[in-house]
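Novice: File start-v3.txt follows (compact mmCIF, C-alpha atoms and all ligand atoms):
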```txt
# COMPACT_ATOMS: atom_id res chain seq x y z
CA MET Q 1 35.42 -48.85 -84.04
CA ARG Q 2 35.55 -46.85 -80.83
CA HIS Q 3 37.27 -43.49 -80.79
CA PRO Q 4 39.42 -43.07 -77.67
CA LEU Q 5 38.81 -40.10 -75.39
CA VAL Q 6 41.58 -38.52 -73.33
CA MET Q 7 40.17 -36.07 -70.83
CA GLY Q 8 42.04 -33.84 -68.40
CA ASN Q 9 40.52 -33.45 -64.95
CA TRP Q 10 42.15 -30.34 -63.55
CA LYS Q 11 40.46 -30.82 -60.16
CA LEU Q 12 40.92 -27.81 -57.85
CA ASN Q 13 43.86 -26.39 -59.77
CA GLY Q 14 44.29 -23.40 -62.01
CA SER Q 15 44.14 -19.66 -62.39
CA LYS Q 16 43.37 -17.31 -65.28
CA HIS Q 17 47.04 -17.30 -66.14
CA MET Q 18 47.43 -21.07 -66.00
CA THR Q 19 44.26 -21.64 -68.05
CA ALA Q 20 45.53 -19.36 -70.80
CA GLU Q 21 49.04 -20.87 -70.82
CA LEU Q 22 48.00 -24.50 -70.66
CA ILE Q 23 45.36 -24.24 -73.39
CA ALA Q 24 47.71 -22.27 -75.65
CA GLY Q 25 50.31 -25.02 -75.16
CA LEU Q 26 47.81 -27.78 -75.89
CA ARG Q 27 46.43 -26.08 -78.99
CA ASN Q 28 49.89 -25.76 -80.35
CA ALA Q 29 51.06 -29.28 -79.54
CA LEU Q 30 47.84 -31.05 -80.54
CA SER Q 31 47.22 -29.44 -83.90
CA GLY Q 32 47.25 -32.18 -86.51
CA VAL Q 33 46.88 -35.03 -84.00
CA ASP Q 34 44.11 -37.24 -85.25
CA GLY Q 35 42.37 -40.36 -83.96
CA CYS Q 36 41.70 -39.35 -80.37
CA ASP Q 37 39.00 -37.15 -78.86
CA VAL Q 38 40.36 -34.66 -76.35
CA ALA Q 39 38.59 -32.81 -73.57
CA ILE Q 40 39.59 -30.68 -70.61
CA ALA Q 41 37.63 -30.13 -67.42
CA PRO Q 42 38.88 -26.99 -65.68
CA PRO Q 43 37.32 -25.71 -62.45
CA VAL Q 44 33.88 -24.22 -63.10
CA MET Q 45 35.27 -20.73 -62.53
CA TYR Q 46 37.40 -20.98 -65.68
CA LEU Q 47 34.94 -22.71 -68.02
CA GLU Q 48 34.03 -19.55 -69.90
CA GLN Q 49 37.66 -18.57 -70.35
CA ALA Q 50 38.54 -22.09 -71.45
CA HIS Q 51 35.60 -22.17 -73.85
CA GLN Q 52 36.91 -19.08 -75.59
CA ALA Q 53 40.49 -20.32 -75.56
CA ILE Q 54 39.67 -23.65 -77.25
CA ALA Q 55 37.47 -22.09 -79.96
CA GLY Q 56 38.31 -23.48 -83.39
CA SER Q 57 40.44 -26.32 -81.97
CA HIS Q 58 39.56 -30.02 -81.54
CA ILE Q 59 39.65 -29.71 -77.77
CA ALA Q 60 36.22 -30.14 -76.18
CA LEU Q 61 35.12 -28.58 -72.93
CA GLY Q 62 34.24 -30.66 -69.88
CA ALA Q 63 33.26 -30.04 -66.28
CA GLN Q 64 33.95 -31.84 -63.03
CA ASN Q 65 30.49 -32.03 -61.51
CA VAL Q 66 26.83 -31.09 -61.93
CA ASP Q 67 23.89 -30.68 -59.59
CA VAL Q 68 20.75 -32.81 -59.86
CA ASN Q 69 18.54 -29.70 -59.84
CA LEU Q 70 17.98 -27.48 -62.84
CA SER Q 71 17.38 -24.16 -61.07
CA GLY Q 72 16.14 -22.66 -57.83
CA ALA Q 73 17.24 -22.37 -54.23
CA PHE Q 74 20.34 -24.58 -54.32
CA THR Q 75 23.15 -22.35 -53.12
CA GLY Q 76 26.55 -23.04 -54.61
CA GLU Q 77 25.39 -25.47 -57.27
CA VAL Q 78 25.78 -25.52 -61.07
CA SER Q 79 23.09 -27.01 -63.32
CA ALA Q 80 23.28 -29.14 -66.46
CA GLU Q 81 21.59 -26.36 -68.42
CA MET Q 82 24.26 -23.89 -67.30
CA LEU Q 83 27.02 -26.28 -68.33
CA ARG Q 84 25.44 -26.73 -71.73
CA ASP Q 85 24.91 -22.97 -72.01
CA ILE Q 86 28.61 -22.35 -71.41
CA GLY Q 87 29.59 -24.91 -74.06
CA ALA Q 88 30.61 -27.87 -71.88
CA ARG Q 89 30.04 -31.33 -73.33
CA TYR Q 90 31.65 -34.03 -71.17
CA ILE Q 91 30.67 -33.94 -67.51
CA ILE Q 92 32.49 -35.99 -64.89
CA ILE Q 93 30.17 -37.50 -62.28
CA GLY Q 94 30.79 -39.86 -59.39
CA HIS Q 95 34.47 -39.09 -59.07
CA SER Q 96 35.84 -40.89 -56.02
CA GLU Q 97 36.83 -37.56 -54.47
CA ARG Q 98 33.18 -36.49 -54.58
CA ARG Q 99 31.97 -39.86 -53.38
CA THR Q 100 34.40 -39.61 -50.44
CA TYR Q 101 34.48 -35.92 -49.48
CA HIS Q 102 30.91 -35.04 -50.43
CA LYS Q 103 29.31 -38.37 -49.53
CA GLU Q 104 27.79 -38.80 -52.99
CA SER Q 105 25.83 -42.05 -53.17
CA ASP Q 106 25.36 -44.36 -56.15
CA GLU Q 107 21.74 -43.16 -56.31
CA LEU Q 108 22.70 -39.48 -56.41
CA VAL Q 109 25.27 -40.16 -59.13
CA ALA Q 110 22.61 -42.02 -61.14
CA LYS Q 111 20.35 -38.96 -60.86
CA LYS Q 112 23.18 -36.80 -62.17
CA PHE Q 113 23.60 -39.22 -65.05
CA ALA Q 114 19.91 -38.85 -65.92
CA ILE Q 115 19.96 -35.07 -65.72
CA LEU Q 116 22.96 -34.92 -68.06
CA LYS Q 117 21.33 -37.21 -70.61
CA ASP Q 118 18.19 -35.07 -70.51
CA ALA Q 119 20.30 -31.99 -71.19
CA GLY Q 120 22.04 -33.67 -74.13
CA LEU Q 121 25.39 -33.75 -72.33
CA ILE Q 122 27.81 -36.67 -72.09
CA PRO Q 123 28.19 -38.23 -68.63
CA VAL Q 124 31.67 -39.46 -67.74
CA LEU Q 125 30.71 -41.88 -64.98
CA CYS Q 126 33.62 -42.61 -62.63
CA ILE Q 127 33.64 -45.94 -60.86
CA GLY Q 128 36.27 -47.94 -59.01
CA GLU Q 129 37.18 -49.73 -55.83
CA THR Q 130 39.22 -48.61 -52.85
CA GLU Q 131 42.43 -50.31 -51.84
CA ALA Q 132 40.66 -52.24 -49.06
CA GLU Q 133 37.95 -53.39 -51.47
CA ASN Q 134 40.61 -54.41 -53.95
CA GLU Q 135 42.47 -56.44 -51.36
CA ALA Q 136 39.21 -58.07 -50.29
CA GLY Q 137 38.62 -59.18 -53.89
CA LYS Q 138 35.60 -56.90 -54.25
CA THR Q 139 36.59 -54.98 -57.38
CA GLU Q 140 33.94 -56.52 -59.63
CA GLU Q 141 31.26 -56.30 -56.96
CA VAL Q 142 31.91 -52.57 -56.41
CA CYS Q 143 32.10 -51.73 -60.12
CA SER Q 144 28.90 -53.58 -60.93
CA ARG Q 145 27.08 -51.94 -58.01
CA GLN Q 146 28.13 -48.49 -59.21
CA ILE Q 147 27.07 -49.24 -62.80
CA ASP Q 148 23.84 -50.96 -61.78
CA ALA Q 149 22.66 -47.78 -60.05
CA VAL Q 150 22.39 -46.33 -63.57
CA LEU Q 151 21.52 -49.53 -65.48
CA ASN Q 152 18.64 -50.42 -63.19
CA THR Q 153 17.08 -46.96 -63.16
CA LEU Q 154 17.72 -45.71 -66.69
CA GLY Q 155 18.32 -48.91 -68.67
CA ALA Q 156 21.29 -49.87 -70.81
CA GLY Q 157 20.26 -47.38 -73.52
CA ALA Q 158 21.39 -44.56 -71.24
CA PHE Q 159 24.98 -45.67 -71.88
CA ASN Q 160 24.61 -44.96 -75.59
CA GLY Q 161 27.15 -42.24 -76.28
CA ALA Q 162 28.20 -42.16 -72.62
CA VAL Q 163 31.60 -42.72 -71.04
CA ILE Q 164 32.64 -44.83 -68.05
CA ALA Q 165 35.97 -44.08 -66.39
CA TYR Q 166 37.34 -46.97 -64.36
CA GLU Q 167 39.45 -45.32 -61.70
CA PRO Q 168 40.71 -47.59 -58.93
CA VAL Q 169 40.79 -45.27 -55.92
CA TRP Q 170 44.18 -46.64 -54.83
CA ALA Q 171 45.67 -45.52 -58.15
CA ILE Q 172 44.38 -41.93 -58.12
CA GLY Q 173 47.11 -39.40 -57.45
CA THR Q 174 49.36 -42.06 -55.93
CA GLY Q 175 51.77 -42.62 -58.81
CA LYS Q 176 50.74 -46.28 -58.54
CA SER Q 177 48.79 -46.99 -61.72
CA ALA Q 178 47.01 -50.28 -62.26
CA THR Q 179 49.05 -52.50 -64.57
CA PRO Q 180 47.76 -52.75 -68.14
CA ALA Q 181 46.70 -56.35 -67.48
CA GLN Q 182 44.89 -55.45 -64.24
CA ALA Q 183 43.07 -52.55 -65.89
CA GLN Q 184 42.20 -54.59 -68.98
CA ALA Q 185 40.67 -57.35 -66.84
CA VAL Q 186 38.36 -54.89 -65.09
CA HIS Q 187 37.51 -53.07 -68.33
CA LYS Q 188 36.54 -56.36 -69.93
CA PHE Q 189 34.42 -57.18 -66.89
CA ILE Q 190 32.67 -53.79 -67.18
CA ARG Q 191 31.98 -54.17 -70.89
CA ASP Q 192 30.68 -57.72 -70.40
CA HIS Q 193 28.52 -56.51 -67.52
CA VAL Q 194 26.81 -53.90 -69.72
CA ALA Q 195 26.66 -56.40 -72.61
CA LYS Q 196 24.47 -58.68 -70.49
CA LYS Q 197 21.81 -55.96 -70.87
CA ASP Q 198 22.68 -54.69 -74.34
CA ALA Q 199 25.58 -55.98 -76.43
CA ALA Q 200 25.47 -53.17 -79.00
CA VAL Q 201 25.58 -50.47 -76.32
CA ALA Q 202 28.48 -52.23 -74.58
CA GLN Q 203 30.40 -52.46 -77.83
CA GLN Q 204 30.32 -48.69 -78.48
CA LEU Q 205 30.85 -47.68 -74.84
CA ILE Q 206 33.97 -45.61 -74.21
CA LEU Q 207 35.78 -47.11 -71.22
CA GLN Q 208 38.51 -44.83 -69.96
CA TYR Q 209 41.12 -45.84 -67.44
CA GLY Q 210 42.09 -43.31 -64.76
CA GLY Q 211 44.62 -43.36 -61.95
CA SER Q 212 48.19 -42.11 -62.29
CA VAL Q 213 48.20 -42.16 -66.08
CA ASN Q 214 51.29 -40.37 -67.35
CA ASP Q 215 53.37 -40.01 -70.49
CA LYS Q 216 55.36 -43.15 -69.57
CA ASN Q 217 52.60 -45.68 -68.91
CA ALA Q 218 49.91 -44.44 -71.33
CA ALA Q 219 50.93 -46.37 -74.46
CA GLU Q 220 50.91 -49.74 -72.69
CA LEU Q 221 47.51 -49.06 -71.17
CA PHE Q 222 46.04 -47.95 -74.50
CA ALA Q 223 47.33 -51.08 -76.22
CA GLN Q 224 44.74 -53.06 -74.24
CA PRO Q 225 41.64 -53.91 -76.27
CA ASP Q 226 39.06 -52.56 -73.81
CA ILE Q 227 40.85 -49.37 -72.73
CA ASP Q 228 39.54 -46.45 -74.78
CA GLY Q 229 41.59 -43.53 -73.54
CA ALA Q 230 42.06 -42.06 -70.09
CA LEU Q 231 40.82 -39.66 -67.49
CA VAL Q 232 43.96 -37.85 -66.45
CA GLY Q 233 44.45 -35.81 -63.27
CA GLY Q 234 47.96 -34.67 -62.37
CA ALA Q 235 49.49 -35.15 -65.81
CA SER Q 236 46.73 -33.05 -67.42
CA LEU Q 237 48.20 -29.93 -65.80
CA LYS Q 238 51.33 -30.16 -67.96
CA ALA Q 239 50.91 -29.52 -71.69
CA ASP Q 240 53.79 -31.81 -72.70
CA ALA Q 241 52.69 -34.78 -70.58
CA PHE Q 242 49.02 -34.45 -71.58
CA THR Q 243 49.98 -34.13 -75.24
CA ALA Q 244 52.10 -37.29 -75.04
CA ILE Q 245 49.14 -39.17 -73.54
CA VAL Q 246 46.81 -37.96 -76.32
CA LYS Q 247 49.35 -38.97 -78.95
CA ALA Q 248 49.74 -42.42 -77.37
CA ALA Q 249 45.97 -42.93 -77.58
CA ALA Q 250 45.86 -41.75 -81.20
CA GLN Q 251 48.72 -44.09 -82.10
CA ALA Q 252 47.10 -47.08 -80.38
CA LYS Q 253 43.90 -46.36 -82.31
CA ASN Q 254 45.72 -46.07 -85.60
CA ALA Q 255 47.71 -49.25 -84.88
CA GLY Q 256 44.66 -51.23 -83.76
P1 LIG Q 301 45.52 -38.80 -61.39
O1 LIG Q 301 43.94 -38.51 -61.20
O2 LIG Q 301 45.77 -38.91 -62.87
O3 LIG Q 301 46.19 -37.62 -60.78
O4 LIG Q 301 45.80 -40.08 -60.66
C1 LIG Q 301 43.00 -39.15 -62.03
C2 LIG Q 301 41.62 -38.71 -61.65
O5 LIG Q 301 41.34 -38.54 -60.45
O6 LIG Q 301 40.76 -38.52 -62.53
```
Is it possible to give me this structure as structure tokens?
Ligand code: PGA

Specialist:
Amino acid sequence: MRHPLVMGNWKLNGSKHMTAELIAGLRNALSGVDGCDVAIAPPVMYLEQAHQAIAGSHIALGAQNVDVNLSGAFTGEVSAEMLRDIGARYIIIGHSERRTYHKESDELVAKKFAILKDAGLIPVLCIGETEAENEAGKTEEVCSRQIDAVLNTLGAGAFNGAVIAYEPVWAIGTGKSATPAQAQAVHKFIRDHVAKKDAAVAQQLILQYGGSVNDKNAAELFAQPDIDGALVGGASLKADAFTAIVKAAAQAKNAG
């Protein structure tokens, strides 16, 4: 049975004050909630503070990006070893904002996936189609291309213990989430796609949905058989909303 993962992607938001307040709120509200893994990915600047603030809780630390290089003359970058050193575990790669604003290719994202696996960290591979691709009926084509960049270079085994977040670009930050049925159809496609290479790996793969998940729509999404939690942006900045999403995932797991 898969354990859902709800992860907060803070993006470029936060301060020392906000990090302290938000984590204190989450610790308080989430104590005793069982059945759902929880992670937060603050900006890299606040990872150390967050690491200390979550100590002794069930909240895991994540990060929003990693470089493909381990050390050396790469100004401004952060390595997988550094993320591990600071206590981060779940690392988001291939987020559509990085694919768009930083021109990250499928190949670069696959290299990041490899570097994380080598470091013993958990890649959270973001995939998903744009609105234009969706309207052109290319959702499956785009998702399989983004997954194949990893599958074809590292093999299906690389997805053992890894996470894929399906995040339709048109749903991110728009308030326009995919419907549970829409998301489920793509999640099933993704799992079947990986299963063609390795059924056991596909079966254990955590498939998060991301894109305007909030405390109102989470339960319906998590009731779908192939949706194993969520990658949450905006709603992860509010302790009450994020807590409600975690609880919805835990309840769906306990019900299913
Ligand atoms: P959102 O962002 O929840 O604000 O739509 C999700 C994401 O980009 O991971």

Novice: Which residues are close to region 101-116 of chain Q, i.e. within 12 Å by only C-alpha atoms, leaving aside same-chain residues fewer than 5 positions away? Reply as a PyMOL selection string.

Specialist: chain Q and resi 63-70+78-84+88-96+121-128+142-155+157-159+161-164

Novice: In Å, rounded to a single decimal, give me how far CA of Gly233 (chain Q) is from CA of Asn9 (chain Q).

Specialist: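 Computing it gives 4.9 Å between the two atoms.
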
Novice: Would you compute the distance between CA of Asn214 (chain Q) and CA of His51 (chain Q)? Give it in Å to one decimal.

Specialist: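 Going from CA of Asn214 (chain Q) over to CA of His51 (chain Q) covers 24.9 Å.
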
Novice: Within 8 Å of ligand LIG 301 (chain Q), which residues show up when you count all atoms listed in the file? List them as a VMD selection string, please.

Specialist: chain Q and resid 8 to 9 11 95 to 97 167 171 to 175 177 210 to 214 231 to 236

Novice: What does the structure give for the distance between CA of Met45 (chain Q) and CA of Gly14 (chain Q), in Å to one decimal?

Specialist: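 Taking CA of Met45 (chain Q) as the start and CA of Gly14 (chain Q) as the end point, the length is 9.4 Å.
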
Novice: Between Q:Ala136, Q:Ala223, Q:Ala165, Q:Ala39, which residue has the minimum interatomic distance to Arg27 (chain Q), considering only C-alpha atoms?

Specialist: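 Once distances to Arg27 (chain Q) are computed over only C-alpha atoms, the minimum belongs to Q:Ala39.
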
Novice: Applying 12 Å and all atoms listed in the file, which residues near region 31-38 of chain Q remain after dropping the ones on its own chain fewer than 6 positions away? List them as a ChimeraX atom specification.

Specialist: /Q:1-9,23-25,54,56-62,89-90,206,208,222,228-232,236,242-256

Novice: Could you give me region 42-66 of chain Q completed to N, CA, C and O atoms, formatted as an mmCIF file, in the frame of the given file?

Specialist:
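Output saved as part03.cif:
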```
data_model
loop_
_atom_site.group_PDB
_atom_site.id
_atom_site.type_symbol
_atom_site.label_atom_id
_atom_site.label_comp_id
_atom_site.auth_asym_id
_atom_site.auth_seq_id
_atom_site.Cartn_x
_atom_site.Cartn_y
_atom_site.Cartn_z
ATOM 1 N N PRO Q 42 38.323 -27.936 -66.656
ATOM 2 C CA PRO Q 42 38.880 -26.990 -65.680
ATOM 3 C C PRO Q 42 37.863 -26.755 -64.549
ATOM 4 O O PRO Q 42 36.706 -27.146 -64.672
ATOM 5 N N PRO Q 43 38.281 -26.092 -63.482
ATOM 6 C CA PRO Q 43 37.320 -25.710 -62.450
ATOM 7 C C PRO Q 43 36.220 -24.840 -63.075
ATOM 8 O O PRO Q 43 36.462 -24.124 -64.053
ATOM 9 N N VAL Q 44 35.030 -24.898 -62.510
ATOM 10 C CA VAL Q 44 33.880 -24.220 -63.100
ATOM 11 C C VAL Q 44 34.142 -22.724 -63.314
ATOM 12 O O VAL Q 44 33.662 -22.120 -64.268
ATOM 13 N N MET Q 45 34.942 -22.149 -62.446
ATOM 14 C CA MET Q 45 35.270 -20.730 -62.530
ATOM 15 C C MET Q 45 35.930 -20.340 -63.858
ATOM 16 O O MET Q 45 35.789 -19.210 -64.331
ATOM 17 N N TYR Q 46 36.625 -21.293 -64.475
ATOM 18 C CA TYR Q 46 37.400 -20.980 -65.680
ATOM 19 C C TYR Q 46 36.784 -21.572 -66.955
ATOM 20 O O TYR Q 46 37.420 -21.580 -68.008
ATOM 21 N N LEU Q 47 35.554 -22.080 -66.843
ATOM 22 C CA LEU Q 47 34.940 -22.710 -68.020
ATOM 23 C C LEU Q 47 34.748 -21.717 -69.167
ATOM 24 O O LEU Q 47 35.009 -22.038 -70.325
ATOM 25 N N GLU Q 48 34.289 -20.535 -68.841
ATOM 26 C CA GLU Q 48 34.030 -19.550 -69.900
ATOM 27 C C GLU Q 48 35.344 -19.162 -70.589
ATOM 28 O O GLU Q 48 35.435 -19.117 -71.814
ATOM 29 N N GLN Q 49 36.354 -18.910 -69.782
ATOM 30 C CA GLN Q 49 37.660 -18.570 -70.350
ATOM 31 C C GLN Q 49 38.188 -19.712 -71.212
ATOM 32 O O GLN Q 49 38.692 -19.501 -72.330
ATOM 33 N N ALA Q 50 38.053 -20.931 -70.708
ATOM 34 C CA ALA Q 50 38.540 -22.090 -71.450
ATOM 35 C C ALA Q 50 37.747 -22.258 -72.748
ATOM 36 O O ALA Q 50 38.317 -22.578 -73.796
ATOM 37 N N HIS Q 51 36.451 -22.031 -72.660
ATOM 38 C CA HIS Q 51 35.600 -22.170 -73.850
ATOM 39 C C HIS Q 51 36.095 -21.241 -74.958
ATOM 40 O O HIS Q 51 36.184 -21.639 -76.128
ATOM 41 N N GLN Q 52 36.414 -20.025 -74.587
ATOM 42 C CA GLN Q 52 36.910 -19.080 -75.590
ATOM 43 C C GLN Q 52 38.290 -19.487 -76.102
ATOM 44 O O GLN Q 52 38.576 -19.381 -77.286
ATOM 45 N N ALA Q 53 39.109 -19.988 -75.180
ATOM 46 C CA ALA Q 53 40.490 -20.320 -75.560
ATOM 47 C C ALA Q 53 40.575 -21.542 -76.482
ATOM 48 O O ALA Q 53 41.521 -21.663 -77.250
ATOM 49 N N ILE Q 54 39.603 -22.454 -76.393
ATOM 50 C CA ILE Q 54 39.670 -23.650 -77.250
ATOM 51 C C ILE Q 54 38.920 -23.455 -78.571
ATOM 52 O O ILE Q 54 38.928 -24.349 -79.420
ATOM 53 N N ALA Q 55 38.288 -22.308 -78.755
ATOM 54 C CA ALA Q 55 37.470 -22.090 -79.960
ATOM 55 C C ALA Q 55 38.268 -22.390 -81.225
ATOM 56 O O ALA Q 55 39.421 -21.971 -81.368
ATOM 57 N N GLY Q 56 37.659 -23.159 -82.115
ATOM 58 C CA GLY Q 56 38.310 -23.480 -83.390
ATOM 59 C C GLY Q 56 39.314 -24.613 -83.302
ATOM 60 O O GLY Q 56 39.912 -24.989 -84.301
ATOM 61 N N SER Q 57 39.517 -25.179 -82.106
ATOM 62 C CA SER Q 57 40.440 -26.320 -81.970
ATOM 63 C C SER Q 57 39.603 -27.604 -81.846
ATOM 64 O O SER Q 57 38.376 -27.555 -81.821
ATOM 65 N N HIS Q 58 40.290 -28.753 -81.727
ATOM 66 C CA HIS Q 58 39.560 -30.020 -81.540
ATOM 67 C C HIS Q 58 39.371 -30.354 -80.077
ATOM 68 O O HIS Q 58 38.872 -31.423 -79.735
ATOM 69 N N ILE Q 59 39.779 -29.440 -79.210
ATOM 70 C CA ILE Q 59 39.650 -29.710 -77.770
ATOM 71 C C ILE Q 59 38.215 -29.394 -77.343
ATOM 72 O O ILE Q 59 37.691 -28.325 -77.648
ATOM 73 N N ALA Q 60 37.590 -30.354 -76.666
ATOM 74 C CA ALA Q 60 36.220 -30.140 -76.180
ATOM 75 C C ALA Q 60 36.268 -29.709 -74.711
ATOM 76 O O ALA Q 60 37.238 -29.970 -73.998
ATOM 77 N N LEU Q 61 35.178 -29.066 -74.308
ATOM 78 C CA LEU Q 61 35.120 -28.580 -72.930
ATOM 79 C C LEU Q 61 34.373 -29.581 -72.048
ATOM 80 O O LEU Q 61 33.355 -30.146 -72.447
ATOM 81 N N GLY Q 62 34.897 -29.789 -70.848
ATOM 82 C CA GLY Q 62 34.240 -30.660 -69.880
ATOM 83 C C GLY Q 62 34.102 -29.943 -68.553
ATOM 84 O O GLY Q 62 34.602 -28.824 -68.379
ATOM 85 N N ALA Q 63 33.389 -30.579 -67.638
ATOM 86 C CA ALA Q 63 33.260 -30.040 -66.280
ATOM 87 C C ALA Q 63 33.386 -31.188 -65.292
ATOM 88 O O ALA Q 63 33.310 -32.356 -65.671
ATOM 89 N N GLN Q 64 33.595 -30.833 -64.036
ATOM 90 C CA GLN Q 64 33.950 -31.840 -63.030
ATOM 91 C C GLN Q 64 32.781 -32.331 -62.195
ATOM 92 O O GLN Q 64 32.927 -33.249 -61.389
ATOM 93 N N ASN Q 65 31.623 -31.683 -62.351
ATOM 94 C CA ASN Q 65 30.490 -32.030 -61.510
ATOM 95 C C ASN Q 65 29.252 -31.324 -62.040
ATOM 96 O O ASN Q 65 29.357 -30.398 -62.855
ATOM 97 N N VAL Q 66 28.092 -31.758 -61.582
ATOM 98 C CA VAL Q 66 26.830 -31.090 -61.930
ATOM 99 C C VAL Q 66 25.871 -31.334 -60.773
ATOM 100 O O VAL Q 66 26.005 -32.327 -60.049
#
```
